[in-house]
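Structure file run10.txt; described as compact mmCIF, C-alpha atoms and all ligand atoms.
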```
# COMPACT_ATOMS: atom_id res chain seq x y z
CA MET A 159 -94.13 -20.32 1.56
CA SER A 160 -93.09 -22.46 -1.41
CA GLY A 161 -91.40 -25.80 -0.83
CA ALA A 162 -88.15 -24.52 -2.36
CA LYS A 163 -88.02 -21.51 -0.02
CA ALA A 164 -88.43 -23.78 3.00
CA VAL A 165 -85.31 -25.81 2.14
CA ARG A 166 -82.68 -25.05 4.78
CA GLU A 167 -79.13 -25.12 3.48
CA ASP A 168 -77.61 -24.99 6.99
CA ARG A 169 -79.63 -27.96 8.23
CA LEU A 170 -78.85 -30.02 5.13
CA TRP A 171 -75.13 -29.29 5.47
CA GLN A 172 -75.16 -30.10 9.21
CA ARG A 173 -76.88 -33.41 8.52
CA HIS A 174 -74.08 -34.30 6.07
CA ALA A 175 -71.51 -33.46 8.77
CA ASP A 176 -73.37 -35.60 11.32
CA MET A 177 -73.55 -38.57 8.97
CA ALA A 178 -69.89 -38.17 7.94
CA LYS A 179 -68.86 -39.01 11.50
CA LEU A 180 -70.28 -42.53 11.08
CA GLY A 181 -67.42 -44.43 9.49
CA GLY A 182 -65.43 -41.20 9.13
CA THR A 183 -61.82 -41.68 7.99
CA PRO A 184 -58.75 -39.62 8.92
CA LYS A 185 -58.61 -38.27 5.37
CA GLY A 186 -62.11 -36.78 5.67
CA GLY A 187 -64.00 -39.46 3.78
CA VAL A 188 -66.11 -42.38 4.99
CA ASN A 189 -65.82 -46.14 5.17
CA ARG A 190 -69.43 -47.14 5.74
CA GLN A 191 -69.82 -50.32 3.77
CA ALA A 192 -73.14 -52.05 3.32
CA LEU A 193 -74.57 -53.82 6.39
CA SER A 194 -71.62 -52.89 8.59
CA PRO A 195 -71.96 -51.43 12.12
CA GLU A 196 -71.40 -47.99 10.54
CA ASP A 197 -74.32 -48.59 8.16
CA ALA A 198 -76.47 -49.53 11.18
CA ALA A 199 -75.42 -46.32 12.92
CA ALA A 200 -76.47 -44.25 9.89
CA ARG A 201 -79.84 -46.04 9.82
CA ASN A 202 -80.35 -45.24 13.52
CA LEU A 203 -79.48 -41.59 13.01
CA LEU A 204 -81.90 -41.22 10.09
CA ALA A 205 -84.57 -43.04 12.10
CA SER A 206 -84.08 -40.69 15.07
CA TRP A 207 -84.55 -37.65 12.82
CA ALA A 208 -87.64 -39.22 11.26
CA LYS A 209 -89.17 -39.96 14.65
CA ALA A 210 -88.48 -36.43 15.86
CA ARG A 211 -90.52 -35.13 12.91
CA GLY A 212 -93.36 -37.61 13.40
CA PHE A 213 -92.76 -39.38 10.08
CA SER A 214 -93.39 -43.11 9.96
CA LEU A 215 -90.54 -45.53 9.38
CA PHE A 216 -90.39 -49.04 7.96
CA THR A 217 -88.00 -51.50 6.39
CA ASP A 218 -88.33 -54.50 4.09
CA ALA A 219 -86.79 -57.95 3.75
CA ILE A 220 -83.65 -56.65 2.00
CA GLY A 221 -83.24 -53.84 4.54
CA ASN A 222 -84.30 -50.84 2.45
CA LEU A 223 -85.27 -48.12 4.91
CA PHE A 224 -88.31 -45.92 4.22
CA VAL A 225 -89.45 -42.67 5.87
CA ARG A 226 -93.01 -41.70 4.99
CA ARG A 227 -94.86 -38.38 5.20
CA GLU A 228 -98.58 -38.87 4.70
CA GLY A 229 -100.51 -37.18 1.93
CA SER A 230 -104.02 -35.79 2.08
CA ASP A 231 -105.31 -38.73 0.03
CA PRO A 232 -104.30 -41.88 1.93
CA ALA A 233 -105.34 -44.10 -1.00
CA ALA A 234 -103.06 -42.36 -3.51
CA LEU A 235 -99.84 -44.07 -4.62
CA PRO A 236 -96.74 -42.53 -3.07
CA VAL A 237 -93.97 -40.57 -4.75
CA MET A 238 -90.49 -41.57 -3.60
CA SER A 239 -87.02 -40.05 -3.49
CA GLY A 240 -83.74 -41.19 -1.99
CA SER A 241 -80.44 -42.93 -2.62
CA HIS A 242 -78.02 -44.91 -0.43
CA MET A 243 -76.08 -44.52 2.82
CA ASP A 244 -73.44 -47.21 2.23
CA SER A 245 -70.06 -46.13 0.86
CA GLN A 246 -66.98 -47.39 -0.92
CA PRO A 247 -64.17 -48.59 1.41
CA THR A 248 -62.46 -45.24 0.79
CA GLY A 249 -65.59 -43.30 -0.07
CA GLY A 250 -66.71 -39.70 0.15
CA ARG A 251 -69.30 -37.95 2.29
CA PHE A 252 -71.75 -37.18 -0.51
CA ASP A 253 -72.07 -40.20 -2.82
CA GLY A 254 -75.52 -41.58 -2.00
CA MET A 255 -75.86 -39.83 1.35
CA TYR A 256 -76.73 -36.57 -0.41
CA GLY A 257 -79.71 -38.19 -2.13
CA VAL A 258 -81.03 -39.58 1.15
CA LEU A 259 -80.53 -36.32 3.03
CA ALA A 260 -82.00 -34.21 0.22
CA ALA A 261 -85.11 -36.40 0.20
CA PHE A 262 -85.36 -36.13 3.97
CA GLU A 263 -84.82 -32.36 3.81
CA ALA A 264 -87.68 -32.17 1.30
CA LEU A 265 -89.97 -33.91 3.78
CA GLU A 266 -88.83 -31.67 6.64
CA ALA A 267 -89.13 -28.48 4.58
CA LEU A 268 -92.72 -29.35 3.60
CA GLU A 269 -93.47 -30.01 7.25
CA ASP A 270 -91.91 -26.66 8.27
CA ALA A 271 -93.89 -24.82 5.61
CA GLY A 272 -97.10 -26.64 6.53
CA LEU A 273 -97.50 -27.74 2.92
CA ALA A 274 -99.66 -30.80 2.32
CA THR A 275 -99.33 -32.97 -0.78
CA ARG A 276 -102.09 -35.16 -2.15
CA ARG A 277 -99.86 -38.22 -2.44
CA PRO A 278 -97.69 -39.53 0.39
CA LEU A 279 -93.97 -38.80 0.02
CA ILE A 280 -91.35 -41.38 0.93
CA ALA A 281 -87.63 -40.84 1.52
CA VAL A 282 -85.69 -44.07 1.00
CA ALA A 283 -82.21 -45.32 1.86
CA TRP A 284 -81.58 -48.32 -0.41
CA THR A 285 -79.49 -51.23 0.87
CA ASN A 286 -76.04 -51.89 -0.65
CA GLU A 287 -75.89 -49.57 -3.63
CA GLU A 288 -72.11 -49.59 -3.84
CA GLY A 289 -71.62 -53.32 -4.26
CA SER A 290 -68.05 -53.11 -3.02
CA ARG A 291 -68.62 -55.51 -0.13
CA PHE A 292 -71.51 -57.60 -1.46
CA GLN A 293 -72.01 -57.95 -5.22
CA PRO A 294 -74.07 -56.92 -7.10
CA GLY A 295 -74.47 -53.25 -6.22
CA ALA A 296 -77.79 -51.38 -6.27
CA MET A 297 -79.05 -54.53 -4.61
CA GLY A 298 -81.88 -53.15 -2.48
CA SER A 299 -83.45 -51.31 -5.39
CA ALA A 300 -82.92 -54.28 -7.73
CA VAL A 301 -84.82 -56.56 -5.34
CA PHE A 302 -87.49 -53.87 -4.85
CA ALA A 303 -87.95 -53.61 -8.61
CA GLY A 304 -87.97 -57.38 -9.12
CA ARG A 305 -84.74 -57.42 -11.10
CA ASN A 306 -82.91 -59.64 -8.60
CA LYS A 307 -84.46 -62.37 -6.44
CA LEU A 308 -84.51 -61.77 -2.70
CA ASP A 309 -83.51 -65.36 -1.88
CA ASP A 310 -80.50 -65.24 -4.22
CA MET A 311 -79.31 -61.96 -2.73
CA LEU A 312 -79.63 -63.20 0.85
CA MET A 313 -77.14 -65.97 0.04
CA VAL A 314 -74.46 -63.66 -1.45
CA LYS A 315 -71.14 -63.68 0.44
CA ASP A 316 -68.72 -60.83 0.99
CA TRP A 317 -64.96 -61.21 0.35
CA LYS A 318 -64.45 -62.67 3.81
CA GLY A 319 -67.21 -65.25 3.36
CA VAL A 320 -69.85 -63.48 5.49
CA VAL A 321 -73.32 -64.32 4.16
CA LEU A 322 -75.50 -61.28 3.44
CA LYS A 323 -78.45 -62.75 5.32
CA GLU A 324 -76.37 -62.79 8.54
CA ALA A 325 -75.02 -59.28 8.03
CA LEU A 326 -78.54 -58.01 7.31
CA ALA A 327 -79.93 -59.68 10.44
CA GLU A 328 -77.18 -58.10 12.55
CA THR A 329 -77.80 -54.70 10.98
CA LEU A 330 -81.55 -54.83 11.55
CA ALA A 331 -80.99 -56.00 15.13
CA ALA A 332 -78.71 -53.01 15.71
CA ALA A 333 -81.00 -50.62 13.82
CA PRO A 334 -84.53 -51.94 14.23
CA ALA A 335 -87.46 -50.66 12.18
CA PRO A 336 -90.97 -52.04 11.65
CA MET A 337 -90.84 -54.75 8.96
CA ARG A 338 -93.10 -54.52 5.93
CA ASP A 339 -94.52 -57.95 5.13
CA GLY A 340 -93.90 -59.86 1.95
CA THR A 341 -91.41 -59.61 -0.86
CA PRO A 342 -89.89 -56.12 -1.21
CA GLY A 343 -91.54 -53.82 -3.71
CA PHE A 344 -94.71 -51.77 -3.77
CA ALA A 345 -96.43 -49.57 -6.32
CA LEU A 346 -95.15 -46.03 -6.78
CA ASP A 347 -96.43 -43.07 -8.74
CA GLY A 348 -92.96 -41.65 -9.36
CA TYR A 349 -89.31 -41.68 -8.24
CA VAL A 350 -86.72 -38.90 -8.32
CA GLU A 351 -83.14 -39.31 -7.08
CA VAL A 352 -80.63 -36.53 -6.49
CA HIS A 353 -76.91 -37.25 -6.51
CA ILE A 354 -73.60 -35.51 -6.94
CA GLU A 355 -72.52 -35.81 -10.57
CA GLN A 356 -69.33 -37.81 -9.81
CA GLY A 357 -67.77 -36.42 -12.98
CA PRO A 358 -66.47 -33.02 -14.12
CA ARG A 359 -69.02 -31.84 -16.70
CA LEU A 360 -71.20 -29.54 -14.59
CA GLU A 361 -68.18 -27.85 -13.04
CA ASN A 362 -66.49 -27.43 -16.43
CA GLU A 363 -69.64 -26.00 -18.00
CA ARG A 364 -70.39 -23.84 -14.92
CA LYS A 365 -73.88 -25.27 -14.46
CA THR A 366 -75.57 -25.93 -11.13
CA ILE A 367 -78.09 -28.59 -12.13
CA GLY A 368 -77.70 -31.68 -14.29
CA VAL A 369 -80.99 -32.79 -15.82
CA VAL A 370 -80.26 -36.50 -16.06
CA THR A 371 -81.64 -38.16 -19.19
CA GLY A 372 -80.57 -41.75 -18.48
CA ILE A 373 -77.85 -44.11 -17.22
CA GLN A 374 -75.37 -46.07 -19.29
CA GLY A 375 -75.49 -49.88 -19.22
CA SER A 376 -73.10 -51.76 -16.95
CA ARG A 377 -71.85 -55.28 -16.48
CA ARG A 378 -69.68 -56.87 -13.82
CA TYR A 379 -67.62 -60.04 -14.07
CA ILE A 380 -65.27 -62.16 -11.98
CA VAL A 381 -62.33 -63.78 -13.75
CA GLU A 382 -60.61 -66.73 -12.09
CA THR A 383 -57.38 -68.47 -13.04
CA LEU A 384 -56.34 -71.78 -11.50
CA GLY A 385 -52.71 -72.93 -11.59
CA GLU A 386 -50.58 -74.95 -9.24
CA GLU A 387 -48.93 -73.85 -6.02
CA ALA A 388 -45.16 -74.46 -6.08
CA HIS A 389 -41.95 -73.42 -4.35
CA ALA A 390 -40.82 -69.96 -5.44
CA GLY A 391 -37.13 -70.81 -5.04
CA THR A 392 -36.90 -74.12 -6.79
CA THR A 393 -39.55 -74.35 -9.51
CA PRO A 394 -38.22 -73.65 -13.04
CA ARG A 395 -40.30 -71.39 -15.26
CA ALA A 396 -41.34 -74.17 -17.63
CA ALA A 397 -42.73 -76.20 -14.75
CA ARG A 398 -44.83 -73.40 -13.32
CA LYS A 399 -48.55 -72.88 -13.61
CA ASP A 400 -48.58 -69.38 -12.15
CA ALA A 401 -52.18 -68.25 -11.73
CA TYR A 402 -51.23 -64.61 -11.23
CA LEU A 403 -49.08 -64.55 -14.35
CA ALA A 404 -52.02 -65.93 -16.33
CA ALA A 405 -54.30 -63.29 -14.77
CA THR A 406 -51.94 -60.47 -15.77
CA ARG A 407 -51.74 -61.81 -19.35
CA ILE A 408 -55.52 -61.86 -19.56
CA ALA A 409 -55.89 -58.44 -17.91
CA SER A 410 -53.31 -56.82 -20.15
CA ALA A 411 -54.99 -58.17 -23.30
CA MET A 412 -58.36 -56.98 -21.99
CA TYR A 413 -57.11 -53.43 -21.42
CA ASP A 414 -55.94 -53.37 -25.06
CA ALA A 415 -59.21 -54.84 -26.36
CA THR A 416 -61.35 -52.27 -24.53
CA THR A 417 -59.47 -49.16 -25.61
CA ASP A 418 -61.82 -47.33 -27.98
CA ALA A 419 -61.00 -44.28 -30.08
CA ASP A 420 -63.69 -42.02 -28.61
CA ASP A 421 -63.12 -43.08 -24.97
CA THR A 422 -66.72 -44.12 -24.35
CA LEU A 423 -66.26 -47.68 -23.13
CA ARG A 424 -65.40 -47.86 -19.40
CA PHE A 425 -63.33 -50.88 -18.32
CA THR A 426 -62.01 -51.25 -14.75
CA ILE A 427 -60.24 -54.00 -12.86
CA GLY A 428 -60.82 -52.87 -9.27
CA ARG A 429 -59.97 -55.89 -7.19
CA VAL A 430 -57.35 -58.62 -7.52
CA ASP A 431 -56.94 -61.50 -5.09
CA VAL A 432 -53.95 -63.83 -5.29
CA LEU A 433 -53.81 -67.07 -3.33
CA PRO A 434 -52.38 -68.42 -1.15
CA GLY A 435 -50.94 -64.90 -0.80
CA SER A 436 -47.47 -65.96 0.29
CA PRO A 437 -44.34 -64.24 -1.05
CA ASN A 438 -42.50 -67.53 -1.61
CA THR A 439 -45.26 -69.67 -3.11
CA VAL A 440 -46.12 -69.54 -6.81
CA PRO A 441 -49.81 -68.47 -6.79
CA GLY A 442 -52.26 -71.30 -7.38
CA LYS A 443 -55.31 -69.14 -7.81
CA ALA A 444 -56.03 -65.57 -8.84
CA THR A 445 -59.32 -63.74 -9.22
CA PHE A 446 -60.09 -60.26 -10.45
CA THR A 447 -63.22 -58.18 -10.94
CA ILE A 448 -64.24 -56.35 -14.11
CA ASP A 449 -66.63 -53.40 -14.24
CA MET A 450 -67.53 -52.50 -17.84
CA ARG A 451 -69.96 -49.78 -18.97
CA HIS A 452 -71.25 -48.24 -22.18
CA PRO A 453 -74.43 -46.45 -23.29
CA SER A 454 -75.13 -49.22 -25.84
CA ASP A 455 -76.03 -52.74 -24.75
CA ALA A 456 -74.98 -54.05 -28.18
CA VAL A 457 -71.45 -52.69 -27.65
CA LEU A 458 -71.30 -54.31 -24.22
CA GLU A 459 -72.39 -57.59 -25.79
CA ILE A 460 -69.61 -57.46 -28.40
CA HIS A 461 -67.02 -56.71 -25.73
CA GLU A 462 -68.24 -59.45 -23.46
CA ALA A 463 -67.63 -61.95 -26.26
CA ARG A 464 -64.09 -60.56 -26.64
CA LEU A 465 -63.40 -60.86 -22.91
CA ARG A 466 -64.57 -64.47 -22.93
CA ALA A 467 -62.32 -65.30 -25.89
CA LEU A 468 -59.32 -63.68 -24.21
CA VAL A 469 -59.74 -65.76 -21.06
CA ALA A 470 -59.76 -68.95 -23.14
CA GLU A 471 -56.79 -67.82 -25.21
CA LYS A 472 -54.51 -66.37 -22.52
CA ALA A 473 -55.11 -68.57 -19.47
CA PRO A 474 -53.11 -71.72 -20.49
CA PRO A 475 -51.23 -73.47 -18.99
CA CYS A 476 -53.62 -72.44 -16.22
CA ALA A 477 -57.35 -72.99 -16.31
CA GLY A 478 -59.42 -69.82 -16.69
CA ARG A 479 -63.05 -68.89 -16.41
CA ILE A 480 -65.12 -65.74 -16.50
CA GLU A 481 -68.46 -65.34 -14.76
CA ARG A 482 -70.91 -62.52 -15.35
CA VAL A 483 -72.17 -61.19 -12.01
CA THR A 484 -74.55 -58.51 -13.25
CA ALA A 485 -75.84 -56.94 -16.44
CA VAL A 486 -77.92 -53.80 -16.17
CA PRO A 487 -79.15 -52.48 -19.53
CA PRO A 488 -79.01 -48.75 -20.27
CA THR A 489 -81.82 -46.73 -18.67
CA VAL A 490 -83.78 -43.97 -20.39
CA PHE A 491 -85.63 -41.77 -17.90
CA ASP A 492 -89.27 -40.79 -18.28
CA PRO A 493 -89.50 -37.75 -20.61
CA GLN A 494 -92.16 -36.08 -18.45
CA VAL A 495 -90.02 -36.30 -15.32
CA VAL A 496 -86.95 -35.12 -17.24
CA ASP A 497 -88.94 -32.15 -18.59
CA LEU A 498 -90.23 -31.39 -15.09
CA VAL A 499 -86.70 -31.35 -13.63
CA ARG A 500 -85.53 -28.99 -16.40
CA ALA A 501 -88.56 -26.72 -16.01
CA LYS A 502 -88.27 -26.49 -12.21
CA ALA A 503 -84.52 -25.79 -12.37
CA SER A 504 -85.15 -23.00 -14.88
CA THR A 505 -88.03 -21.53 -12.86
CA LEU A 506 -85.75 -21.41 -9.82
CA GLY A 507 -83.22 -19.52 -11.94
CA LEU A 508 -80.63 -22.30 -11.78
CA THR A 509 -78.29 -22.89 -14.71
CA ASN A 510 -78.78 -26.41 -16.02
CA MET A 511 -77.90 -28.86 -18.76
CA ASP A 512 -79.16 -32.23 -19.93
CA MET A 513 -76.72 -35.07 -19.38
CA PRO A 514 -76.55 -38.87 -19.14
CA SER A 515 -75.16 -40.55 -16.02
CA GLY A 516 -71.89 -42.46 -16.23
CA ALA A 517 -72.35 -43.87 -12.74
CA GLY A 518 -75.00 -46.40 -11.80
CA HIS A 519 -77.78 -45.43 -9.41
CA ASP A 520 -80.76 -47.06 -7.73
CA ALA A 521 -82.95 -45.05 -10.10
CA MET A 522 -81.93 -47.44 -12.94
CA HIS A 523 -83.91 -50.21 -11.26
CA VAL A 524 -86.81 -48.12 -9.96
CA ALA A 525 -87.30 -46.80 -13.51
CA ARG A 526 -88.77 -50.21 -14.36
CA LEU A 527 -91.62 -49.56 -11.93
CA CYS A 528 -92.71 -45.98 -12.37
CA PRO A 529 -91.88 -42.66 -14.09
CA THR A 530 -88.36 -41.87 -12.86
CA GLY A 531 -85.76 -39.14 -13.17
CA MET A 532 -82.59 -37.81 -11.55
CA ILE A 533 -81.05 -34.48 -10.61
CA PHE A 534 -77.27 -33.93 -10.46
CA VAL A 535 -75.26 -31.20 -8.74
CA PRO A 536 -71.53 -30.55 -9.29
CA CYS A 537 -68.83 -32.08 -7.13
CA GLU A 538 -65.35 -30.62 -6.81
CA ARG A 539 -63.15 -31.51 -9.81
CA GLY A 540 -65.59 -34.32 -10.54
CA ILE A 541 -63.85 -36.52 -7.97
CA SER A 542 -65.87 -39.34 -6.40
CA HIS A 543 -65.24 -42.81 -4.95
CA ASN A 544 -62.47 -40.98 -3.13
CA GLU A 545 -62.19 -39.66 0.42
CA SER A 546 -61.60 -36.14 -0.87
CA GLU A 547 -65.02 -36.01 -2.60
CA ASN A 548 -66.52 -32.57 -1.99
CA ALA A 549 -69.53 -30.40 -2.88
CA THR A 550 -70.69 -26.94 -1.80
CA PRO A 551 -73.55 -26.34 0.66
CA SER A 552 -75.24 -24.04 -1.85
CA ASP A 553 -75.14 -26.56 -4.72
CA LEU A 554 -76.51 -29.27 -2.42
CA ALA A 555 -79.32 -26.94 -1.38
CA ALA A 556 -80.00 -25.96 -5.00
CA GLY A 557 -80.43 -29.59 -6.02
CA THR A 558 -82.77 -30.09 -3.07
CA ARG A 559 -84.85 -27.06 -4.11
CA VAL A 560 -85.31 -28.55 -7.56
CA LEU A 561 -86.14 -31.89 -5.95
CA ILE A 562 -88.82 -30.50 -3.64
CA GLU A 563 -90.52 -28.64 -6.49
CA VAL A 564 -90.51 -31.77 -8.66
CA LEU A 565 -91.80 -33.92 -5.80
CA VAL A 566 -94.60 -31.50 -5.01
CA ALA A 567 -95.62 -31.36 -8.67
CA LEU A 568 -95.64 -35.17 -8.92
CA ALA A 569 -97.35 -35.64 -5.55
CA ASN A 570 -100.20 -33.29 -6.46
CA ARG A 571 -100.89 -34.90 -9.84
C1 LIG A 601 -72.01 -46.71 -8.22
O1 LIG A 601 -71.31 -46.36 -7.28
C2 LIG A 601 -71.41 -47.11 -9.45
O2 LIG A 601 -70.48 -47.92 -9.40
O3 LIG A 601 -71.80 -46.59 -10.51
MN MN A 602 -74.05 -43.34 -5.36
MN MN A 603 -70.83 -44.90 -5.50
```
Output the structure of this file as structure tokens.
Amino acid sequence: MSGAKAVREDRLWQRHADMAKLGGTPKGGVNRQALSPEDAAARNLLASWAKARGFSLFTDAIGNLFVRREGSDPAALPVMSGSHMDSQPTGGRFDGMYGVLAAFEALEALEDAGLATRRPLIAVAWTNEEGSRFQPGAMGSAVFAGRNKLDDMLMVKDWKGVVLKEALAETLAAAPAPMRDGTPGFALDGYVEVHIEQGPRLENERKTIGVVTGIQGSRRYIVETLGEEAHAGTTPRAARKDAYLAATRIASAMYDATTDADDTLRFTIGRVDVLPGSPNTVPGKATFTIDMRHPSDAVLEIHEARLRALVAEKAPPCAGRIERVTAVPPTVFDPQVVDLVRAKASTLGLTNMDMPSGAGHDAMHVARLCPTGMIFVPCERGISHNESENATPSDLAAGTRVLIEVLVALANR
């Protein structure tokens, strides 16, 4: 039996349903933020499935979780696939989880079919891809690939002031796995990640498989304005230093400055905090986040300079500052892996198209280490980062069939 034929759509769908219960929300989505008890529960469930199949399991110092199926040549470098199990606060059941479950299904299907590969295959669940609780996102893969320093990441705090190191220790205590020594990161022969598209193109074009050619560049910032707390009932306008008012001036100017004619630049303010957060006190401090993306790093650079100028211009009489939290340059995937994805999709008789990724993925960091590619499948109306996110069992299985064929080809090189 071929690997693709051994992929079981019913099992893959059931595994999604099982995982969706962990952090499940009344609206049918999930709230399973990084290093939360729900994240630990997902790790335990994956680990229990891995143990039942006799695969080995290990973690690393940033909490990435690896499931390994041995190859016939123990000295050969492994081929890896996976994604993330953490979610947005109001996230869907498929973002990230699909990539982990597809990779695991590939391992199980090979086991069922009794198919050996020369290289070992590893399914991975990367720590904190979403970056909604702890910034930056795609953290586990960034540390693995040497893009971010482990010690810096361990000191990052969430919005409530919880230090990542503590949350990670709690998670690993609740979901123990053998610890791999040393700094995260090891040599790989190849990496392939499957994911729902998170946009509408495949559905609109009636294609089942997206052959992902690369990922646009992204940058995140925090803007802070500092004013002066004052009585809301007595303080005349001229005497106020309203930090929120300054923040809205800056934000409004930024929206204007990032509106491009061809709608390529992505600019989002996704979180605003106003302090002290009292209805009858003029805010003394406001912060907001910026997520900005574009396929060209040069364009991002130009816009960053504009954002900085706007903070300086619009903050007074408050003080204003802007801090860059992350900058990930655009990724171009390995042409051989991209060709392989396209060829396998076509051989399986699946309609496909080449496309770049608008969303960020762990693959953008792993691509620094080894030949890397991605496979997309459609999601309903392109909706993602939303509890109503949806995908069909047959599309999820189709993406997994392409994945297994690509993995087998890479693992027998
Ligand atoms: C990942 O969720 C992203 O923000 O692109
Ligand atoms: Mn994702
Ligand atoms: Mn996401």
Could you pull the residues within 7 Å of segment 450-465 of chain A, counting all atoms listed in the file, minus those fewer than 6 positions along the same chain, as an NGL selection string?
-> :A and (374-378 or 412 or 422-426 or 487-488)
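For the residues A:Glu288, A:Glu324, A:Asp176, A:Asp449, ranking by smallest atom-to-atom distance to ligand MN 602 (chain A) using only C-alpha atoms and all ligand atoms places A:Glu288 first.
Neighbouring residues of ligand MN 603 (chain A) at a cut-off of 10 Å, counting all atoms listed in the file, are His242, Met243, Asp244, Ser245, Gln246, Gly249, Gly250, Phe252, Asp253, Gly254, Met255, Asn286, Glu287, Glu288, Gly289, Ser290, Gly295, Ala296, His353, Ile354, Gln356, Ala517, Gly518, His519, Ser542, His543 and Asn544 of chain A.
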Smallest atom-to-atom distance to ligand MN 602 (chain A): which of A:Glu228, A:Glu547, A:Asp310, A:Glu481, using only C-alpha atoms and all ligand atoms?
-> A:Glu547
Work out how far atom CA of Asn202 of chain A is from atom CA of Ser299 of chain A, in Å to one decimal.
-> 20.1 Å
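Of the residues listed (A:Asp421, A:Ala219, A:Val440, A:Lys315), A:Val440 shows the shortest atom-to-atom separation from Thr393 of chain A; distances use only C-alpha atoms.
Taking atom CA of Val370 of chain A as the reference point, atom CA of Met532 of chain A is found at 5.2 Å.
Going from atom CA of Thr530 of chain A over to atom CA of Glu263 of chain A, you cover 19.5 Å.
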Using only C-alpha atoms, which residues sit within 12 Å of Trp207 of chain A once same-chain residues fewer than 4 positions away are excluded, as a PDB file with C-alpha atoms, in the frame of the given file?
```
ATOM      1  CA  ARG A 169     -79.630 -27.960   8.230  1.00  0.00           C
ATOM      2  CA  ARG A 173     -76.880 -33.410   8.520  1.00  0.00           C
ATOM      3  CA  ASP A 176     -73.370 -35.600  11.320  1.00  0.00           C
ATOM      4  CA  MET A 177     -73.550 -38.570   8.970  1.00  0.00           C
ATOM      5  CA  ALA A 200     -76.470 -44.250   9.890  1.00  0.00           C
ATOM      6  CA  ARG A 201     -79.840 -46.040   9.820  1.00  0.00           C
ATOM      7  CA  ASN A 202     -80.350 -45.240  13.520  1.00  0.00           C
ATOM      8  CA  LEU A 203     -79.480 -41.590  13.010  1.00  0.00           C
ATOM      9  CA  ARG A 211     -90.520 -35.130  12.910  1.00  0.00           C
ATOM     10  CA  GLY A 212     -93.360 -37.610  13.400  1.00  0.00           C
ATOM     11  CA  PHE A 213     -92.760 -39.380  10.080  1.00  0.00           C
ATOM     12  CA  SER A 214     -93.390 -43.110   9.960  1.00  0.00           C
ATOM     13  CA  LEU A 215     -90.540 -45.530   9.380  1.00  0.00           C
ATOM     14  CA  VAL A 225     -89.450 -42.670   5.870  1.00  0.00           C
ATOM     15  CA  LEU A 259     -80.530 -36.320   3.030  1.00  0.00           C
ATOM     16  CA  PHE A 262     -85.360 -36.130   3.970  1.00  0.00           C
ATOM     17  CA  GLU A 263     -84.820 -32.360   3.810  1.00  0.00           C
ATOM     18  CA  LEU A 265     -89.970 -33.910   3.780  1.00  0.00           C
ATOM     19  CA  GLU A 266     -88.830 -31.670   6.640  1.00  0.00           C
TER      20      GLU A 266
END
```
Padded axis-aligned box of segment 231-243 of chain A (8 Å per side), centre and edge lengths, Å, one decimal, as AutoDock Vina command-line options:
```
--center_x -90.7 --center_y -41.8 --center_z -1.0 --size_x 45.3 --size_y 22.2 --size_z 23.6
```
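The closest residue to Ala485 of chain A, picked from A:Ser515, A:Ser504, A:Gln293, A:Ser410 and counting all atoms listed in the file, is A:Gln293.
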Could you list, as a PDB file with C-alpha atoms, in the coordinates of the input, every residue within 9 Å of Ala303 of chain A, counting all atoms listed in the file and ignoring same-chain residues fewer than 3 positions away?
```
ATOM      1  CA  GLY A 298     -81.880 -53.150  -2.480  1.00  0.00           C
ATOM      2  CA  SER A 299     -83.450 -51.310  -5.390  1.00  0.00           C
ATOM      3  CA  ALA A 300     -82.920 -54.280  -7.730  1.00  0.00           C
ATOM      4  CA  ASN A 306     -82.910 -59.640  -8.600  1.00  0.00           C
ATOM      5  CA  PRO A 342     -89.890 -56.120  -1.210  1.00  0.00           C
ATOM      6  CA  GLY A 343     -91.540 -53.820  -3.710  1.00  0.00           C
ATOM      7  CA  PHE A 344     -94.710 -51.770  -3.770  1.00  0.00           C
ATOM      8  CA  HIS A 523     -83.910 -50.210 -11.260  1.00  0.00           C
ATOM      9  CA  VAL A 524     -86.810 -48.120  -9.960  1.00  0.00           C
ATOM     10  CA  ALA A 525     -87.300 -46.800 -13.510  1.00  0.00           C
ATOM     11  CA  ARG A 526     -88.770 -50.210 -14.360  1.00  0.00           C
ATOM     12  CA  LEU A 527     -91.620 -49.560 -11.930  1.00  0.00           C
TER      13      LEU A 527
END
```
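Residue nearest Asp316 of chain A, chosen from A:Ala335, A:Gly557, A:Thr445, A:Gln191 and counting only C-alpha atoms: A:Gln191.
Minimum distance to ligand LIG 601 (chain A) across A:Ala419, A:Leu268, A:Val486, A:Ala198 (counting all atoms listed in the file) occurs at A:Val486.
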